[in-house]
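One structure is given here, and the rest of the page talks about it.
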Amino acid sequence: MRSAMMHAAALAFAVGAAVVVVPASAFTTTGSGIATNAGKLHSTLPADFDVVAAGGWNAVEKLSADPKAELVALIKDNISASDGKVKQQSDDGNNSSSSDGKLDALVALLQSQGKGFDADLIDGKWTAVLSRQGKKSPKIQKLVSSKSRVNKAYANFNVDAQVFENESYTPHGRGALRATVKYSPTGDGYDIGPDGGIVLRRIMCDIDKASFKYWKLPKLPLPLRAKGGYLDVLYLDEDMRITRGNRGGIFIHFRRDFLNEVTKPASFQQALLEEKIKQDHVKKRWWRRLLRK
């Protein structure tokens with residue numbers, strides 16, 4: 001119960017996301033050059049991307065062909081490698097920064113498309129699929145992020161009321177935290193898009209109320225209030241939302257239907273194999289419990 005309460009208290013702070021991005025001037029190099037697709041975006045790319053961490057310009061060139069598809073593939077691999085956890089995993093399955101460069105490059109390329117805050121697109125429910133906490137994120141928030149799983153963490157935007165509600169469930173689904181956040185769009189943090197137009201990014205966020213309910217116990221109001229935070233919408237379309245907040249973490253959300261589409265088995269035989277593996281895990285847990293008695 002104590003761990004569940006720690007889980008609850010931290011999740012109310014998870015309203016944002018962080019990202020590091022790509023210098024526009026780097027695309028003016030001579031020689032072999034950068035892909036045409038990336039070249040079209042160079043004038044709006046952010047200025048502080050670490051190309052070395054991304055694997056060099058050849059790697060960025062390949063990613064620029066279809067950054068959304070590449071990011072979806074990265075997220076699918078992360079979900080598979082982490083057994084459904086939302087927290088970003090490295091290529092070897094550990095919680096390190098070895099894959100940060102690729103993630104940063106993909107987010108930068110998507111951000112350069114100029115798809116920022118849009119009230120119509122952001123409205124409704126989103127499922128958390130990947131998170132990377134920033135260096136300034138509270139320790140307890142980092143702990144919670146390491147435990148969160150896909151289909152157990154959501155954000156629900158109500159644009160008419162200008163509020164969104166973060167929902168997160170404990171690993172076994174018995175505990176649920178809800179934090180209601182009031183937001184208002186602002187001109188701060190805007191970008192210039194590829195077409196020369198202004199791209200709104202930032203919404204100011206105030207945590208209005210929070211509560212935690214565990215199983216059949218009464219709902220417990222939490223004394224969590226925070227004002228003056230913000231959330232930058234780095235990329236938004238009908239399927240995917242990428243956000244950066246003042247705490248320095250990065251959060252990626254999918255629509256539920258899109259998540260189901262990109263994670264469904266490629267074939268009936270694969271579905272059968274996955275079901276067999278699942279049943280084998282159940283049998284192993286049953287034998288372990290039996291041997292402990």
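Going through the structure tokens in order, the chains are called A, B, and so on, while each chain numbers its residues from 1 and the ligands are numbered from 1 in the order shown.
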
Segment 66-68 of chain A environment, 8 Å, only C-alpha atoms, sequence neighbours closer than 5 positions dropped, as an MDAnalysis selection string: chainID A and resid 106:107 109:110

Let me see the file: selected residues, C-alpha atoms, as a short mmCIF file (atom, residue, chain, number, x, y, z; two decimals), in the first residue's frame.
```cif
data_model
loop_
_atom_site.label_atom_id
_atom_site.label_comp_id
_atom_site.auth_asym_id
_atom_site.auth_seq_id
_atom_site.Cartn_x
_atom_site.Cartn_y
_atom_site.Cartn_z
CA LEU A 106 13.51 11.43 -34.57
CA VAL A 107 11.75 13.90 -32.29
CA LEU A 109 12.81 15.76 -37.35
CA LEU A 110 9.14 15.48 -36.39
#
```

Taking only C-alpha atoms into account, produce a table as CSV in which each residue of segment 104-176 of chain A with an atom at most 7 Å from an atom of segment 188-204 of chain A appears once, together with its shortest atom pair and the distance in Å to one decimal, ordered by chain and rising number.
```
residue,atom,partner,partner_atom,distance
A:Gln113,CA,A:Pro194,CA,6.5
A:Gly114,CA,A:Gly193,CA,4.6
A:Gly116,CA,A:Arg201,CA,5.1
A:Phe117,CA,A:Arg201,CA,5.3
```

May I have a table of the residues of segment 196-235 of chain A lying at most 9 Å from segment 156-180 of chain A, giving each one's closest pair of atoms and their distance in Å to one decimal, counting only C-alpha atoms, ordered by chain and ascending residue number, as a Markdown table?
```
| residue | atom | partner | partner_atom | distance |
| --- | --- | --- | --- | --- |
| A:Cys205 | CA | A:Val163 | CA | 8.9 |
| A:Asp206 | CA | A:Thr180 | CA | 8.6 |
| A:Ile207 | CA | A:Thr180 | CA | 6.0 |
| A:Asp208 | CA | A:Thr180 | CA | 5.6 |
| A:Lys209 | CA | A:Thr180 | CA | 5.4 |
| A:Ala210 | CA | A:Ala179 | CA | 4.1 |
| A:Ser211 | CA | A:Arg178 | CA | 5.5 |
| A:Phe212 | CA | A:Leu177 | CA | 4.5 |
| A:Lys213 | CA | A:Ala176 | CA | 5.4 |
| A:Tyr214 | CA | A:Gly175 | CA | 4.0 |
| A:Trp215 | CA | A:Arg174 | CA | 4.8 |
| A:Lys216 | CA | A:Arg174 | CA | 8.5 |
| A:Leu224 | CA | A:Ala179 | CA | 8.6 |
```

Write out as a CSV table (one decimal) with C-alpha atoms, in the first residue's frame which residues come within 12 Å of Phe258 of chain A when counting only C-alpha atoms, dropping same-chain ones fewer than 3 positions away.
```csv
chain,number,residue,atom,x,y,z
A,72,VAL,CA,6.8,3.9,-34.1
A,76,LYS,CA,7.4,-1.1,-30.5
A,125,LYS,CA,-7.9,10.3,-24.6
A,126,TRP,CA,-4.3,9.3,-25.2
A,127,THR,CA,-2.3,6.3,-24.1
A,128,ALA,CA,1.3,6.7,-22.8
A,129,VAL,CA,3.7,4.6,-24.8
A,237,ASP,CA,-1.2,14.5,-35.5
A,238,GLU,CA,-4.3,12.2,-35.4
A,239,ASP,CA,-2.2,9.3,-34.1
A,240,MET,CA,0.7,10.6,-32.0
A,241,ARG,CA,1.5,13.3,-29.5
A,253,HIS,CA,1.4,9.2,-26.4
A,254,PHE,CA,-0.6,7.2,-29.0
A,255,ARG,CA,-4.3,7.1,-29.6
A,261,GLU,CA,-2.9,-1.2,-34.9
A,262,VAL,CA,0.9,-1.0,-34.7
A,263,THR,CA,1.3,-3.6,-32.0
A,264,LYS,CA,-1.1,-6.3,-33.4
```

DSSP-assigned strand (DSSP E) members of segment 56-220 of chain A, reported as a ChimeraX atom specification: /A:124-132,153-158,163-169,175-185,191-192,198-199,202-214,220

Atomic distance atom CA of Ser112 of chain A - atom CA of Pro46 of chain A, expressed in Å with one decimal: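 Spanning atom CA of Ser112 of chain A to atom CA of Pro46 of chain A is a straight-line distance of 7.4 Å.
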
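Interatomic distance, atom CA of Asp118 of chain A against atom CA of Leu236 of chain A: 7.6 Å.
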
Run DSSP on the backbone of this structure and report the residues of segment 100-217 of chain A it assigns to helix (DSSP H, G or I), as a PDB file with N, CA, C and O atoms, in the first residue's frame.
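Everything below was put into states-v3.pdb:
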```pdb
ATOM      1  N   ASP A 100      19.349   7.287 -26.602  1.00  0.00           N
ATOM      2  CA  ASP A 100      18.818   8.649 -26.551  1.00  0.00           C
ATOM      3  C   ASP A 100      19.043   9.406 -27.845  1.00  0.00           C
ATOM      4  O   ASP A 100      18.190  10.185 -28.274  1.00  0.00           O
ATOM      5  N   GLY A 101      20.220   9.218 -28.460  1.00  0.00           N
ATOM      6  CA  GLY A 101      20.544   9.967 -29.660  1.00  0.00           C
ATOM      7  C   GLY A 101      19.558   9.729 -30.787  1.00  0.00           C
ATOM      8  O   GLY A 101      19.136  10.667 -31.461  1.00  0.00           O
ATOM      9  N   LYS A 102      19.186   8.483 -30.996  1.00  0.00           N
ATOM     10  CA  LYS A 102      18.233   8.169 -32.059  1.00  0.00           C
ATOM     11  C   LYS A 102      16.869   8.769 -31.746  1.00  0.00           C
ATOM     12  O   LYS A 102      16.207   9.345 -32.629  1.00  0.00           O
ATOM     13  N   LEU A 103      16.433   8.652 -30.494  1.00  0.00           N
ATOM     14  CA  LEU A 103      15.150   9.234 -30.104  1.00  0.00           C
ATOM     15  C   LEU A 103      15.156  10.740 -30.304  1.00  0.00           C
ATOM     16  O   LEU A 103      14.208  11.323 -30.843  1.00  0.00           O
ATOM     17  N   ASP A 104      16.238  11.399 -29.886  1.00  0.00           N
ATOM     18  CA  ASP A 104      16.334  12.851 -30.037  1.00  0.00           C
ATOM     19  C   ASP A 104      16.284  13.266 -31.506  1.00  0.00           C
ATOM     20  O   ASP A 104      15.645  14.260 -31.861  1.00  0.00           O
ATOM     21  N   ALA A 105      16.950  12.502 -32.366  1.00  0.00           N
ATOM     22  CA  ALA A 105      16.955  12.823 -33.789  1.00  0.00           C
ATOM     23  C   ALA A 105      15.557  12.702 -34.381  1.00  0.00           C
ATOM     24  O   ALA A 105      15.112  13.567 -35.144  1.00  0.00           O
ATOM     25  N   LEU A 106      14.852  11.644 -34.032  1.00  0.00           N
ATOM     26  CA  LEU A 106      13.513  11.431 -34.571  1.00  0.00           C
ATOM     27  C   LEU A 106      12.543  12.509 -34.097  1.00  0.00           C
ATOM     28  O   LEU A 106      11.737  13.028 -34.876  1.00  0.00           O
ATOM     29  N   VAL A 107      12.624  12.856 -32.822  1.00  0.00           N
ATOM     30  CA  VAL A 107      11.747  13.900 -32.293  1.00  0.00           C
ATOM     31  C   VAL A 107      12.067  15.238 -32.947  1.00  0.00           C
ATOM     32  O   VAL A 107      11.171  16.020 -33.285  1.00  0.00           O
ATOM     33  N   ALA A 108      13.357  15.515 -33.166  1.00  0.00           N
ATOM     34  CA  ALA A 108      13.749  16.760 -33.816  1.00  0.00           C
ATOM     35  C   ALA A 108      13.201  16.839 -35.232  1.00  0.00           C
ATOM     36  O   ALA A 108      12.682  17.886 -35.660  1.00  0.00           O
ATOM     37  N   LEU A 109      13.307  15.768 -35.974  1.00  0.00           N
ATOM     38  CA  LEU A 109      12.806  15.757 -37.353  1.00  0.00           C
ATOM     39  C   LEU A 109      11.294  15.923 -37.397  1.00  0.00           C
ATOM     40  O   LEU A 109      10.755  16.627 -38.263  1.00  0.00           O
ATOM     41  N   LEU A 110      10.591  15.314 -36.448  1.00  0.00           N
ATOM     42  CA  LEU A 110       9.138  15.476 -36.392  1.00  0.00           C
ATOM     43  C   LEU A 110       8.759  16.881 -35.954  1.00  0.00           C
ATOM     44  O   LEU A 110       7.820  17.487 -36.481  1.00  0.00           O
ATOM     45  N   GLN A 111       9.498  17.420 -34.989  1.00  0.00           N
ATOM     46  CA  GLN A 111       9.220  18.778 -34.540  1.00  0.00           C
ATOM     47  C   GLN A 111       9.373  19.773 -35.682  1.00  0.00           C
ATOM     48  O   GLN A 111       8.628  20.757 -35.777  1.00  0.00           O
ATOM     49  N   ALA A 119      -6.101  22.408 -30.951  1.00  0.00           N
ATOM     50  CA  ALA A 119      -7.159  22.033 -30.012  1.00  0.00           C
ATOM     51  C   ALA A 119      -7.990  20.865 -30.528  1.00  0.00           C
ATOM     52  O   ALA A 119      -8.360  19.968 -29.763  1.00  0.00           O
ATOM     53  N   ASP A 120      -8.300  20.854 -31.809  1.00  0.00           N
ATOM     54  CA  ASP A 120      -9.120  19.776 -32.356  1.00  0.00           C
ATOM     55  C   ASP A 120      -8.403  18.435 -32.312  1.00  0.00           C
ATOM     56  O   ASP A 120      -9.002  17.399 -32.007  1.00  0.00           O
ATOM     57  N   LEU A 121      -7.099  18.439 -32.611  1.00  0.00           N
ATOM     58  CA  LEU A 121      -6.347  17.182 -32.655  1.00  0.00           C
ATOM     59  C   LEU A 121      -6.032  16.642 -31.263  1.00  0.00           C
ATOM     60  O   LEU A 121      -5.985  15.432 -31.056  1.00  0.00           O
ATOM     61  N   ILE A 122      -5.804  17.532 -30.306  1.00  0.00           N
ATOM     62  CA  ILE A 122      -5.372  17.076 -28.989  1.00  0.00           C
ATOM     63  C   ILE A 122      -6.530  16.590 -28.121  1.00  0.00           C
ATOM     64  O   ILE A 122      -6.330  15.861 -27.148  1.00  0.00           O
ATOM     65  N   LYS A 139      12.837  12.588  -7.982  1.00  0.00           N
ATOM     66  CA  LYS A 139      13.241  11.183  -7.896  1.00  0.00           C
ATOM     67  C   LYS A 139      12.044  10.253  -7.840  1.00  0.00           C
ATOM     68  O   LYS A 139      12.041   9.179  -8.445  1.00  0.00           O
ATOM     69  N   ILE A 140      11.011  10.644  -7.106  1.00  0.00           N
ATOM     70  CA  ILE A 140       9.847   9.771  -6.981  1.00  0.00           C
ATOM     71  C   ILE A 140       9.107   9.659  -8.322  1.00  0.00           C
ATOM     72  O   ILE A 140       8.557   8.616  -8.654  1.00  0.00           O
ATOM     73  N   GLN A 141       9.143  10.737  -9.130  1.00  0.00           N
ATOM     74  CA  GLN A 141       8.533  10.681 -10.461  1.00  0.00           C
ATOM     75  C   GLN A 141       9.301   9.706 -11.343  1.00  0.00           C
ATOM     76  O   GLN A 141       8.714   8.964 -12.129  1.00  0.00           O
ATOM     77  N   LYS A 142      10.627   9.709 -11.224  1.00  0.00           N
ATOM     78  CA  LYS A 142      11.441   8.769 -11.990  1.00  0.00           C
ATOM     79  C   LYS A 142      11.129   7.332 -11.579  1.00  0.00           C
ATOM     80  O   LYS A 142      11.084   6.425 -12.421  1.00  0.00           O
ATOM     81  N   LEU A 143      10.911   7.114 -10.282  1.00  0.00           N
ATOM     82  CA  LEU A 143      10.573   5.781  -9.792  1.00  0.00           C
ATOM     83  C   LEU A 143       9.254   5.311 -10.375  1.00  0.00           C
ATOM     84  O   LEU A 143       9.129   4.174 -10.848  1.00  0.00           O
ATOM     85  N   VAL A 144       8.277   6.187 -10.382  1.00  0.00           N
ATOM     86  CA  VAL A 144       6.967   5.831 -10.917  1.00  0.00           C
ATOM     87  C   VAL A 144       7.056   5.528 -12.407  1.00  0.00           C
ATOM     88  O   VAL A 144       6.464   4.576 -12.906  1.00  0.00           O
ATOM     89  N   SER A 145       7.820   6.348 -13.124  1.00  0.00           N
ATOM     90  CA  SER A 145       7.968   6.140 -14.564  1.00  0.00           C
ATOM     91  C   SER A 145       8.548   4.769 -14.864  1.00  0.00           C
ATOM     92  O   SER A 145       8.175   4.118 -15.838  1.00  0.00           O
ATOM     93  N   SER A 146       9.452   4.312 -14.007  1.00  0.00           N
ATOM     94  CA  SER A 146      10.077   3.012 -14.237  1.00  0.00           C
ATOM     95  C   SER A 146       9.090   1.867 -14.047  1.00  0.00           C
ATOM     96  O   SER A 146       9.340   0.751 -14.502  1.00  0.00           O
ATOM     97  N   LYS A 147       7.965   2.115 -13.363  1.00  0.00           N
ATOM     98  CA  LYS A 147       6.973   1.074 -13.105  1.00  0.00           C
ATOM     99  C   LYS A 147       5.766   1.147 -14.040  1.00  0.00           C
ATOM    100  O   LYS A 147       5.021   0.174 -14.155  1.00  0.00           O
TER     101      LYS A 147
END
```
